[in-house]
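Data file: start.txt. Format and content: compact mmCIF, C-alpha atoms and all ligand atoms.
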# COMPACT_ATOMS: atom_id res chain seq x y z
CA MET A 1 199.57 -100.83 -139.43
CA THR A 2 198.79 -101.91 -135.85
CA LEU A 3 200.67 -100.22 -133.06
CA ALA A 4 201.03 -101.58 -129.54
CA LEU A 5 199.17 -99.18 -127.28
CA HIS A 6 200.61 -100.29 -123.96
CA THR A 7 204.37 -100.24 -124.05
CA PRO A 8 206.46 -99.73 -120.92
CA PRO A 9 207.39 -96.05 -120.52
CA PRO A 10 210.87 -95.47 -121.89
CA LYS A 11 213.56 -94.06 -119.61
CA LEU A 12 213.79 -90.31 -120.05
CA ASP A 13 216.89 -89.42 -118.07
CA ALA A 14 219.27 -89.79 -121.00
CA LEU A 15 217.69 -86.70 -122.58
CA MET A 16 219.16 -83.29 -121.77
CA ASN A 17 216.81 -81.28 -119.64
CA VAL A 18 216.04 -78.31 -121.90
CA ALA A 19 212.29 -77.87 -121.34
CA ARG A 20 209.59 -78.42 -118.71
CA ARG A 21 207.60 -81.24 -120.24
CA PRO A 22 204.54 -83.19 -119.09
CA ASP A 23 205.09 -86.87 -118.20
CA ALA A 24 203.29 -88.35 -121.22
CA VAL A 25 205.54 -90.02 -123.80
CA PHE A 26 203.99 -89.79 -127.23
CA THR A 27 204.28 -92.73 -129.56
CA HIS A 28 201.96 -92.18 -132.52
CA GLY A 29 199.33 -89.91 -133.94
CA HIS A 30 196.80 -89.49 -136.70
CA GLY A 31 195.33 -86.19 -137.87
CA SER A 32 194.36 -84.16 -134.81
CA TRP A 33 194.92 -87.06 -132.40
CA LEU A 34 198.07 -87.96 -130.51
CA HIS A 35 198.57 -91.13 -128.43
CA ASP A 36 200.97 -91.90 -125.58
CA SER A 37 202.77 -95.01 -124.38
CA GLN A 38 200.06 -95.64 -121.74
CA GLY A 39 197.20 -95.88 -124.23
CA ARG A 40 195.87 -92.38 -123.50
CA ARG A 41 194.76 -90.12 -126.33
CA TYR A 42 194.80 -86.39 -126.77
CA LEU A 43 193.14 -83.93 -129.11
CA ASP A 44 196.11 -81.89 -130.25
CA LEU A 45 195.86 -78.14 -130.84
CA VAL A 46 199.63 -77.68 -130.51
CA GLN A 47 200.57 -79.82 -133.52
CA GLY A 48 204.32 -79.91 -133.09
CA TRP A 49 204.34 -76.13 -132.40
CA ALA A 50 202.40 -75.08 -135.50
CA VAL A 51 204.39 -77.38 -137.77
CA ASN A 52 201.95 -80.19 -138.61
CA THR A 53 200.07 -78.39 -141.37
CA LEU A 54 198.16 -81.57 -142.30
CA GLY A 55 198.02 -83.12 -138.82
CA HIS A 56 199.91 -86.14 -137.51
CA ALA A 57 201.18 -88.77 -139.97
CA PRO A 58 199.20 -87.54 -142.99
CA PRO A 59 199.07 -90.04 -145.88
CA GLN A 60 200.41 -87.48 -148.41
CA ILE A 61 203.62 -87.07 -146.40
CA ALA A 62 204.00 -90.81 -145.80
CA ALA A 63 203.64 -91.35 -149.56
CA ALA A 64 206.07 -88.56 -150.46
CA LEU A 65 208.67 -89.89 -148.01
CA ALA A 66 208.26 -93.49 -149.15
CA ALA A 67 208.52 -92.62 -152.85
CA GLN A 68 211.43 -90.18 -152.53
CA SER A 69 213.36 -92.40 -150.08
CA GLN A 70 213.53 -95.04 -152.80
CA ARG A 71 214.78 -92.58 -155.44
CA LEU A 72 217.28 -90.18 -153.88
CA LEU A 73 217.98 -88.96 -150.32
CA GLN A 74 220.70 -86.39 -150.85
CA PRO A 75 223.24 -86.06 -153.65
CA GLY A 76 224.90 -83.28 -151.62
CA PRO A 77 224.68 -79.51 -151.53
CA GLY A 78 227.36 -79.24 -154.24
CA PHE A 79 224.96 -80.66 -156.84
CA PHE A 80 221.53 -79.72 -158.20
CA ASN A 81 218.61 -82.08 -157.59
CA ASP A 82 215.18 -82.13 -159.25
CA ARG A 83 213.04 -81.84 -156.10
CA ALA A 84 214.85 -78.76 -154.73
CA ALA A 85 214.65 -77.06 -158.14
CA GLU A 86 210.93 -77.81 -158.38
CA LEU A 87 210.22 -76.63 -154.82
CA ALA A 88 212.21 -73.41 -155.34
CA SER A 89 210.24 -72.62 -158.54
CA ARG A 90 206.94 -73.31 -156.78
CA LEU A 91 207.81 -71.10 -153.79
CA ALA A 92 209.06 -68.30 -156.04
CA ALA A 93 205.89 -68.37 -158.15
CA LEU A 94 203.63 -68.50 -155.07
CA SER A 95 205.41 -65.71 -153.16
CA GLY A 96 206.39 -63.32 -155.94
CA LEU A 97 210.00 -63.51 -154.74
CA ASP A 98 212.72 -64.75 -157.09
CA ARG A 99 215.22 -67.10 -155.47
CA VAL A 100 215.30 -69.60 -152.64
CA PHE A 101 217.93 -71.12 -150.33
CA PHE A 102 216.81 -74.18 -148.35
CA THR A 103 217.71 -74.91 -144.75
CA SER A 104 216.78 -77.52 -142.15
CA SER A 105 215.11 -75.16 -139.64
CA GLY A 106 213.55 -71.75 -139.19
CA ALA A 107 216.49 -70.43 -137.17
CA GLU A 108 218.87 -71.43 -139.94
CA ALA A 109 216.67 -69.65 -142.52
CA ASN A 110 216.75 -66.50 -140.37
CA GLU A 111 220.50 -66.85 -139.87
CA GLY A 112 220.73 -66.95 -143.68
CA ALA A 113 218.54 -63.84 -143.99
CA ILE A 114 220.83 -61.99 -141.55
CA LYS A 115 223.91 -63.04 -143.55
CA LEU A 116 222.25 -62.04 -146.84
CA ALA A 117 221.37 -58.60 -145.42
CA ARG A 118 224.93 -58.10 -144.11
CA LYS A 119 226.38 -59.14 -147.47
CA PHE A 120 223.93 -56.77 -149.21
CA GLY A 121 225.19 -54.02 -146.90
CA GLN A 122 228.81 -54.81 -147.80
CA VAL A 123 228.12 -54.86 -151.53
CA HIS A 124 225.56 -52.06 -151.91
CA ARG A 125 225.45 -49.92 -148.73
CA GLY A 126 229.06 -49.18 -147.82
CA GLY A 127 229.27 -51.83 -145.09
CA ALA A 128 225.98 -51.08 -143.33
CA HIS A 129 225.17 -54.13 -141.21
CA GLU A 130 222.63 -53.28 -138.50
CA ILE A 131 219.23 -54.91 -138.63
CA VAL A 132 216.43 -53.27 -136.65
CA THR A 133 214.43 -55.99 -134.90
CA PHE A 134 211.65 -55.83 -132.29
CA GLU A 135 211.04 -56.22 -128.58
CA ASN A 136 209.53 -59.63 -127.79
CA ALA A 137 210.35 -60.95 -131.28
CA PHE A 138 211.40 -64.57 -131.69
CA HIS A 139 213.69 -65.56 -134.55
CA GLY A 140 215.29 -68.80 -133.33
CA ARG A 141 217.96 -70.28 -131.06
CA THR A 142 221.27 -69.87 -132.86
CA LEU A 143 223.45 -67.16 -131.30
CA ALA A 144 222.67 -64.60 -134.03
CA THR A 145 218.94 -65.33 -134.12
CA MET A 146 218.76 -65.19 -130.30
CA SER A 147 220.46 -61.79 -130.53
CA ALA A 148 217.94 -60.70 -133.16
CA SER A 149 215.12 -61.89 -130.89
CA GLY A 150 213.66 -59.57 -128.28
CA LYS A 151 212.57 -62.25 -125.85
CA PRO A 152 213.21 -61.03 -122.29
CA GLY A 153 216.31 -62.72 -120.87
CA PHE A 154 217.80 -63.75 -124.22
CA ASP A 155 220.20 -60.78 -124.00
CA ARG A 156 221.94 -62.26 -120.93
CA LEU A 157 221.67 -65.97 -121.68
CA PHE A 158 224.89 -67.10 -123.48
CA ALA A 159 226.27 -63.53 -123.42
CA PRO A 160 227.92 -61.85 -125.18
CA GLN A 161 225.32 -61.35 -127.88
CA VAL A 162 226.00 -61.00 -131.57
CA PRO A 163 225.96 -57.19 -132.05
CA GLY A 164 223.96 -55.22 -134.60
CA PHE A 165 220.30 -55.81 -133.65
CA PRO A 166 218.81 -52.64 -132.11
CA LYS A 167 215.25 -53.24 -130.84
CA ALA A 168 212.23 -51.18 -131.80
CA ARG A 169 208.66 -51.51 -130.47
CA LEU A 170 206.10 -53.29 -132.62
CA ASN A 171 203.44 -51.03 -134.17
CA ASP A 172 205.47 -47.92 -133.26
CA LEU A 173 207.00 -46.45 -136.41
CA ASP A 174 208.79 -43.65 -134.53
CA SER A 175 210.66 -46.25 -132.48
CA VAL A 176 211.93 -47.74 -135.76
CA ARG A 177 212.83 -44.33 -137.23
CA ALA A 178 214.81 -43.46 -134.11
CA LEU A 179 217.08 -46.50 -134.61
CA ILE A 180 217.86 -45.98 -138.31
CA GLY A 181 221.35 -44.66 -138.98
CA PRO A 182 224.12 -44.93 -141.56
CA GLN A 183 224.86 -48.52 -140.41
CA THR A 184 221.27 -49.74 -140.86
CA VAL A 185 220.71 -52.19 -143.70
CA ALA A 186 217.37 -53.87 -142.88
CA VAL A 187 214.29 -54.14 -140.68
CA MET A 188 213.21 -57.66 -139.67
CA LEU A 189 209.94 -58.75 -138.07
CA GLU A 190 207.23 -61.39 -137.79
CA PRO A 191 203.85 -60.45 -139.31
CA ILE A 192 202.38 -61.89 -136.10
CA GLN A 193 204.72 -62.35 -133.11
CA GLY A 194 203.84 -65.95 -132.28
CA GLU A 195 206.06 -66.74 -129.31
CA ALA A 196 205.35 -63.32 -127.77
CA GLY A 197 201.73 -64.41 -127.39
CA VAL A 198 200.22 -63.87 -130.88
CA ILE A 199 200.74 -60.12 -131.24
CA GLU A 200 199.84 -58.82 -134.68
CA ALA A 201 201.82 -56.19 -136.58
CA THR A 202 198.91 -54.01 -137.74
CA PRO A 203 198.36 -53.66 -141.50
CA GLY A 204 198.90 -49.91 -141.14
CA PHE A 205 202.24 -50.48 -139.42
CA MET A 206 203.37 -53.00 -142.04
CA GLN A 207 202.47 -50.57 -144.85
CA ALA A 208 204.25 -47.68 -143.14
CA LEU A 209 207.29 -49.88 -142.56
CA ARG A 210 207.36 -50.86 -146.25
CA ALA A 211 207.24 -47.16 -147.22
CA LEU A 212 209.96 -46.29 -144.70
CA CYS A 213 212.23 -49.09 -145.99
CA ASP A 214 211.71 -47.88 -149.57
CA GLU A 215 212.45 -44.29 -148.59
CA ARG A 216 215.68 -45.20 -146.73
CA GLY A 217 216.85 -47.98 -149.05
CA LEU A 218 216.47 -50.67 -146.37
CA LEU A 219 215.53 -54.31 -146.82
CA LEU A 220 212.25 -55.47 -145.31
CA ILE A 221 212.77 -58.98 -143.96
CA LEU A 222 209.69 -60.93 -142.88
CA ASP A 223 210.11 -63.95 -140.62
CA GLU A 224 207.17 -66.09 -141.75
CA VAL A 225 208.46 -69.24 -140.07
CA GLN A 226 205.25 -69.43 -138.02
CA THR A 227 202.82 -67.41 -140.17
CA GLY A 228 203.68 -68.81 -143.62
CA VAL A 229 202.09 -71.64 -145.61
CA GLY A 230 198.43 -71.00 -144.78
CA ARG A 231 198.65 -70.72 -140.99
CA THR A 232 197.00 -67.27 -140.87
CA GLY A 233 194.31 -68.15 -143.44
CA THR A 234 196.20 -66.74 -146.44
CA LEU A 235 199.17 -68.50 -147.99
CA TRP A 236 201.54 -65.85 -146.57
CA GLY A 237 201.05 -63.69 -143.49
CA PHE A 238 202.06 -60.55 -145.39
CA GLU A 239 198.96 -60.74 -147.61
CA ALA A 240 196.78 -59.29 -144.82
CA ALA A 241 198.66 -55.98 -145.10
CA GLY A 242 199.19 -56.18 -148.85
CA VAL A 243 202.93 -55.49 -148.54
CA LYS A 244 205.67 -57.51 -150.17
CA PRO A 245 208.93 -58.19 -148.35
CA ASP A 246 212.39 -58.11 -149.96
CA VAL A 247 213.36 -61.21 -148.00
CA MET A 248 211.15 -63.83 -146.37
CA THR A 249 211.93 -66.87 -144.26
CA LEU A 250 209.88 -70.05 -143.84
CA GLY A 251 210.08 -73.12 -141.62
CA LYS A 252 207.57 -74.93 -139.42
CA GLY A 253 204.47 -75.46 -141.62
CA LEU A 254 206.47 -75.75 -144.85
CA GLY A 255 207.61 -79.25 -143.87
CA GLY A 256 204.35 -80.32 -142.21
CA GLY A 257 206.41 -82.01 -139.46
CA VAL A 258 209.74 -82.67 -141.15
CA PRO A 259 212.76 -80.36 -140.85
CA ILE A 260 212.92 -77.90 -143.73
CA GLY A 261 213.16 -74.12 -143.85
CA ALA A 262 213.65 -71.64 -146.66
CA LEU A 263 215.12 -68.21 -147.28
CA LEU A 264 213.50 -66.36 -150.20
CA ALA A 265 214.59 -63.04 -151.70
CA ARG A 266 214.06 -60.62 -154.55
CA GLU A 267 216.57 -60.97 -157.38
CA ALA A 268 218.22 -57.59 -156.60
CA VAL A 269 218.98 -58.76 -153.05
CA CYS A 270 220.50 -62.13 -154.03
CA CYS A 271 224.19 -61.22 -153.62
CA PHE A 272 225.55 -64.48 -152.18
CA GLU A 273 228.48 -65.74 -154.23
CA PRO A 274 229.63 -69.35 -154.42
CA GLY A 275 231.09 -70.33 -151.05
CA ASP A 276 229.20 -67.71 -149.00
CA GLN A 277 226.40 -69.90 -147.71
CA GLY A 278 225.66 -73.61 -147.51
CA GLY A 279 224.93 -76.61 -145.31
CA THR A 280 225.18 -80.36 -145.70
CA TYR A 281 221.42 -81.01 -145.72
CA CYS A 282 220.35 -77.83 -147.54
CA GLY A 283 217.87 -78.65 -150.29
CA ASN A 284 217.95 -82.40 -149.71
CA PRO A 285 215.33 -83.95 -152.00
CA LEU A 286 213.75 -86.06 -149.24
CA MET A 287 212.53 -83.01 -147.30
CA CYS A 288 211.82 -81.04 -150.50
CA ALA A 289 209.52 -83.85 -151.69
CA VAL A 290 207.56 -83.53 -148.44
CA ALA A 291 207.30 -79.73 -148.75
CA LEU A 292 205.99 -80.17 -152.31
CA ALA A 293 203.27 -82.50 -150.98
CA VAL A 294 202.39 -79.94 -148.29
CA LEU A 295 202.16 -77.15 -150.90
CA ASP A 296 200.00 -79.36 -153.12
CA ALA A 297 197.55 -79.75 -150.26
CA VAL A 298 197.55 -76.14 -149.05
CA THR A 299 197.15 -74.67 -152.56
CA GLY A 300 194.50 -77.26 -153.45
CA ALA A 301 190.92 -76.21 -154.24
CA GLY A 302 189.01 -75.14 -151.14
CA PHE A 303 191.83 -75.75 -148.64
CA LEU A 304 192.26 -72.14 -147.47
CA ASP A 305 188.48 -71.64 -147.49
CA ALA A 306 188.23 -74.50 -145.01
CA VAL A 307 190.98 -72.89 -142.88
CA ALA A 308 188.90 -69.67 -142.84
CA ALA A 309 185.78 -71.59 -141.81
CA ARG A 310 187.58 -73.45 -139.01
CA SER A 311 189.19 -70.20 -137.91
CA ALA A 312 185.79 -68.51 -137.64
CA GLN A 313 184.45 -71.50 -135.67
CA LEU A 314 187.37 -71.53 -133.23
CA ARG A 315 187.32 -67.75 -132.79
CA GLU A 316 183.59 -67.72 -132.14
CA GLY A 317 183.86 -70.50 -129.55
CA LEU A 318 186.84 -68.91 -127.82
CA ASP A 319 185.22 -65.48 -127.86
CA ALA A 320 182.16 -66.94 -126.10
CA ILE A 321 184.48 -68.30 -123.40
CA ALA A 322 186.32 -64.96 -123.26
CA ARG A 323 183.05 -63.07 -122.72
CA ARG A 324 182.07 -65.37 -119.89
CA LEU A 325 185.44 -64.88 -118.21
CA GLY A 326 185.49 -61.15 -118.80
CA SER A 327 188.59 -61.58 -120.97
CA PRO A 328 189.44 -59.43 -124.00
CA PRO A 329 188.47 -60.78 -127.45
CA VAL A 330 190.59 -63.50 -129.05
CA VAL A 331 193.65 -62.31 -130.97
CA GLY A 332 195.40 -63.67 -134.06
CA ARG A 333 194.36 -64.75 -137.53
CA GLY A 334 193.55 -67.99 -139.30
CA LEU A 335 194.49 -70.95 -137.13
CA LEU A 336 196.95 -69.01 -134.99
CA LEU A 337 194.73 -67.65 -132.21
CA ALA A 338 195.21 -66.79 -128.55
CA LEU A 339 192.91 -66.36 -125.56
CA GLU A 340 193.78 -64.30 -122.47
CA LEU A 341 192.68 -65.78 -119.13
CA PRO A 342 192.15 -63.87 -115.91
CA GLY A 343 194.48 -64.75 -113.03
CA ASP A 344 198.22 -65.32 -112.62
CA ASP A 345 199.42 -68.52 -114.32
CA ALA A 346 195.82 -69.28 -115.34
CA ALA A 347 196.87 -70.44 -118.82
CA THR A 348 199.76 -72.54 -117.54
CA ARG A 349 197.50 -74.23 -114.99
CA LEU A 350 194.70 -74.82 -117.50
CA ALA A 351 197.05 -76.33 -120.10
CA SER A 352 198.36 -78.80 -117.46
CA THR A 353 194.84 -79.64 -116.29
CA LEU A 354 193.68 -80.37 -119.83
CA ILE A 355 196.54 -82.75 -120.55
CA ALA A 356 196.32 -84.41 -117.13
CA ARG A 357 192.61 -85.23 -117.51
CA ALA A 358 193.43 -87.93 -120.06
CA ASP A 359 192.71 -91.45 -118.92
CA GLU A 360 191.71 -94.51 -120.88
CA ALA A 361 188.09 -93.36 -121.12
CA GLU A 362 188.49 -89.63 -121.59
CA PRO A 363 190.84 -87.87 -123.96
CA GLY A 364 193.09 -85.00 -122.95
CA LEU A 365 193.45 -81.72 -124.79
CA LEU A 366 196.80 -80.27 -125.81
CA VAL A 367 196.98 -76.47 -125.86
CA ASN A 368 199.99 -74.21 -125.43
CA ALA A 369 200.34 -71.69 -122.60
CA VAL A 370 202.42 -69.29 -124.67
CA ARG A 371 202.36 -66.84 -121.74
CA PRO A 372 201.36 -67.54 -118.12
CA ARG A 373 197.94 -65.97 -118.80
CA ARG A 374 197.60 -66.66 -122.49
CA LEU A 375 196.63 -69.85 -124.34
CA ARG A 376 197.71 -70.29 -127.96
CA PHE A 377 195.81 -72.48 -130.43
CA MET A 378 197.56 -73.81 -133.54
CA PRO A 379 195.62 -76.86 -134.75
CA ALA A 380 196.33 -78.74 -137.94
CA LEU A 381 195.09 -76.65 -140.89
CA ASN A 382 192.87 -79.58 -141.92
CA VAL A 383 191.34 -79.97 -138.44
CA GLU A 384 187.70 -81.06 -138.65
CA ALA A 385 184.73 -79.02 -137.40
CA ALA A 386 183.72 -81.83 -135.02
CA GLU A 387 187.24 -81.95 -133.55
CA LEU A 388 187.21 -78.21 -132.86
CA ALA A 389 183.74 -78.54 -131.34
CA SER A 390 185.04 -81.24 -128.92
CA ALA A 391 188.10 -79.14 -128.09
CA LEU A 392 185.90 -76.13 -127.32
CA ALA A 393 183.60 -78.26 -125.15
CA MET A 394 186.59 -79.59 -123.15
CA LEU A 395 187.96 -76.09 -122.73
CA ASP A 396 184.60 -74.73 -121.76
CA ALA A 397 184.13 -77.40 -119.08
CA ALA A 398 187.64 -76.85 -117.77
CA VAL A 399 187.30 -73.07 -117.33
CA SER A 400 183.89 -73.38 -115.65
C1 LIG A 501 209.77 -71.31 -134.50
C2 LIG A 501 210.23 -70.02 -135.01
C3 LIG A 501 211.56 -69.82 -135.41
C4 LIG A 501 212.63 -70.86 -135.22
O1 LIG A 501 212.42 -71.99 -136.02
P1 LIG A 501 213.19 -73.36 -135.68
O2 LIG A 501 212.79 -74.29 -136.76
O3 LIG A 501 212.76 -73.76 -134.30
O4 LIG A 501 214.64 -73.03 -135.70
C5 LIG A 501 211.90 -68.60 -135.96
N1 LIG A 501 210.98 -67.63 -136.12
C6 LIG A 501 209.69 -67.79 -135.76
C7 LIG A 501 208.73 -66.68 -136.00
C8 LIG A 501 209.27 -68.97 -135.19
O5 LIG A 501 208.01 -69.12 -134.80
Have the structure of the file written as structure tokens, please.
Amino acid sequence: MTLALHTPPPKLDALMNVARRPDAVFTHGHGSWLHDSQGRRYLDLVQGWAVNTLGHAPPQIAAALAAQSQRLLQPGPGFFNDRAAELASRLAALSGLDRVFFTSSGAEANEGAIKLARKFGQVHRGGAHEIVTFENAFHGRTLATMSASGKPGFDRLFAPQVPGFPKARLNDLDSVRALIGPQTVAVMLEPIQGEAGVIEATPGFMQALRALCDERGLLLILDEVQTGVGRTGTLWGFEAAGVKPDVMTLGKGLGGGVPIGALLAREAVCCFEPGDQGGTYCGNPLMCAVALAVLDAVTGAGFLDAVAARSAQLREGLDAIARRLGSPPVVGRGLLLALELPGDDAATRLASTLIARADEAEPGLLVNAVRPRRLRFMPALNVEAAELASALAMLDAAVS
């Protein structure tokens, strides 16, 4: 397929202004490369916000979409379909959880987890409904998931909040204990807080939390929307701590760029009855076919070994830059890493500089300033060693 590289820039003022975005208008991509309407190219370590597991426009996804689009798009959520059944079985077998409900986004999967926990509280815990969540957590942008989030400012935006989400401090078990009462039904967290700046829940904390939940009869809900499906170097983020959740949510990387999320739970927790939960596009076979192709790739021989190798390469390169700048060592796991830069807004300014340097001769570099002083790296899981080497060289030159 040939694509016109120089198309007139489309008018942008019909789009609601919900984010500060650079001027480039992206038109096509391939693997780790993204191209804009002016013929400029960019090495992309943002990858749709950690969603493009296999990079831009991977052939497996194009093939899955083409094949499934000619068979069945969506018979409707009131009927079974073969792709959703197959994907649910695969996810159950791979996670050790028992049942799956599909959604179209991560927020919707978390919203479903919150509903499932509240229903569980009604059925098994005398109406307990509070879910302990964490400061700086991010669980999505529906009203309930914003209320569950601990992002500064979310408590006032669109007030009043949905009640029932007391906030503990990550890696501080006493702060969790202090919030548990007769109304508590669950504890919910991200194995690594991505939007907070790549802040890891320590293995010790995760294990202690699992023990605490068992002791108090609480559900442990893990939001693996960002950490799931190989992003942290293991298939699931929870593997690093060796703890199993009662409920887990997925999104982002599961679809490799298409909208699909999932809510998974242990059999004993699955208390939804017909009519409790649903959604028009839930479990549509078109998106399920894509997620199956993504899982095929990620569980394929050698795939996660390559993620570990690329992770080591990126960490080593970033750590060398960190040492030169006098910054602390890189944080994160797998291909979800972050680098702290000295100076106010240093990350924000560097991310803009790297994208702005693109002209027809030189490529730009896309990185995410997750915090004003912190850069986050979330390349495609199949990024090549040479691509990471170029990205590190561009970064190195830009910080010098
Ligand atoms: C992105 C994200 C979400 C929200 O997912 P959407 O698909 O944007 O609704 C929820 N939780 C975590 C940890 C995320 O990173």
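If you look at atom CA of A:Pro379 and atom CA of A:Val46, they are 5.9 Å away from each other.
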Nearby polymer residues, ligand LIG 501 (chain A), at most 10 Å, all atoms listed in the file, as number ranges by chain:
A: 49-51, 103-111, 137-142, 145-146, 149, 189-196, 222-228, 249-253, 258-261
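Nearest-residue note for A:Ala117: choosing from A:Val247, A:Asp82, A:Ser175, A:Pro10, the minimum distance belongs to A:Val247, counting only C-alpha atoms.
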List the spatial neighbours of A:Arg99 as JSON, numbers by chain - criterion: any atom at most 9 Å away, all atoms listed in the file, same-chain residues fewer than 6 positions off excluded.
{"A": [88, 89, 91, 92, 263, 264, 265, 266, 267, 270]}
Name all residues at most 7 Å from A:Leu375 (count all atoms listed in the file; drop same-chain ones fewer than 4 positions away) and give them as a ChimeraX atom specification.
/A:338-340,347,367-371
Which polymer residues have any atom within 10 Å of an atom of stretch 319-329 of chain A, counting all atoms listed in the file, with same-chain residues fewer than 5 positions away left out, as a ChimeraX atom specification?
/A:313-314,338-342,392,395-396,399-400
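With atom CA of A:Trp33 on one side and atom CA of A:Gly55 on the other, the separation reads 8.1 Å.
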Show me, as a PDB file with C-alpha atoms, in the coordinates of the input, the residues that have an atom within 7 Å of A:Thr133 when counting only C-alpha atoms, minus same-chain residues fewer than 4 positions from it.
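The file below, part03.pdb, is the result:
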ATOM      1  CA  ALA A 148     217.940 -60.700-133.160  1.00  0.00           C
ATOM      2  CA  PHE A 165     220.300 -55.810-133.650  1.00  0.00           C
ATOM      3  CA  PRO A 166     218.810 -52.640-132.110  1.00  0.00           C
ATOM      4  CA  LYS A 167     215.250 -53.240-130.840  1.00  0.00           C
ATOM      5  CA  ALA A 168     212.230 -51.180-131.800  1.00  0.00           C
ATOM      6  CA  VAL A 187     214.290 -54.140-140.680  1.00  0.00           C
ATOM      7  CA  MET A 188     213.210 -57.660-139.670  1.00  0.00           C
ATOM      8  CA  LEU A 189     209.940 -58.750-138.070  1.00  0.00           C
TER       9      LEU A 189
END
Take the point (223.3, -83.7, -144.7) in the file's coordinates, draw a sphere of radius 9 Å around it, and report as a PDB file with C-alpha atoms, keeping the file's coordinate frame every protein, DNA or RNA residue with an atom inside or on it, counting all atoms listed in the file.
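Okay, out34.pdb is ready:
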ATOM      1  CA  GLN A  74     220.700 -86.390-150.850  1.00  0.00           C
ATOM      2  CA  GLY A  76     224.900 -83.280-151.620  1.00  0.00           C
ATOM      3  CA  PRO A  77     224.680 -79.510-151.530  1.00  0.00           C
ATOM      4  CA  GLY A 279     224.930 -76.610-145.310  1.00  0.00           C
ATOM      5  CA  THR A 280     225.180 -80.360-145.700  1.00  0.00           C
ATOM      6  CA  TYR A 281     221.420 -81.010-145.720  1.00  0.00           C
ATOM      7  CA  CYS A 282     220.350 -77.830-147.540  1.00  0.00           C
ATOM      8  CA  ASN A 284     217.950 -82.400-149.710  1.00  0.00           C
TER       9      ASN A 284
END
What are the centre and edge lengths in Å, to one decimal, of the axis-aligned box around all listed atoms of stretch 223-228 of chain A with 6 Å added on each side, as AutoDock Vina command-line options?
--center_x 206.5 --center_y -66.7 --center_z -140.8 --size_x 19.3 --size_y 17.5 --size_z 17.6
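Of the residues listed (A:Val162, A:Leu173, A:Leu365, A:Arg156), A:Leu173 shows the shortest atom-to-atom separation from A:Phe134; distances use all atoms listed in the file.
For A:Phe272, the residues within 9 Å (counting only C-alpha atoms, excluding itself and residues fewer than 6 positions away along the chain) are Lys115, Leu116, Lys119 and Phe120 of chain A.
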File dump, residues just selected, C-alpha atoms, as a PDB file, in the frame of the given file:
ATOM      1  CA  LYS A 115     223.910 -63.040-143.550  1.00  0.00           C
ATOM      2  CA  LEU A 116     222.250 -62.040-146.840  1.00  0.00           C
ATOM      3  CA  LYS A 119     226.380 -59.140-147.470  1.00  0.00           C
ATOM      4  CA  PHE A 120     223.930 -56.770-149.210  1.00  0.00           C
TER       5      PHE A 120
END
Nearest to A:Leu97, restricted to all atoms listed in the file and choosing among A:Ile355, A:Met248, A:Leu337, A:Ala289, comes out as A:Met248
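Residue nearest A:Phe154, chosen from A:Asn136, A:Phe377, A:Val269, A:Glu130 and counting all atoms listed in the file: A:Asn136.
Interatomic distance, atom CA of A:His28 to atom CA of A:Met378: 18.9 Å.
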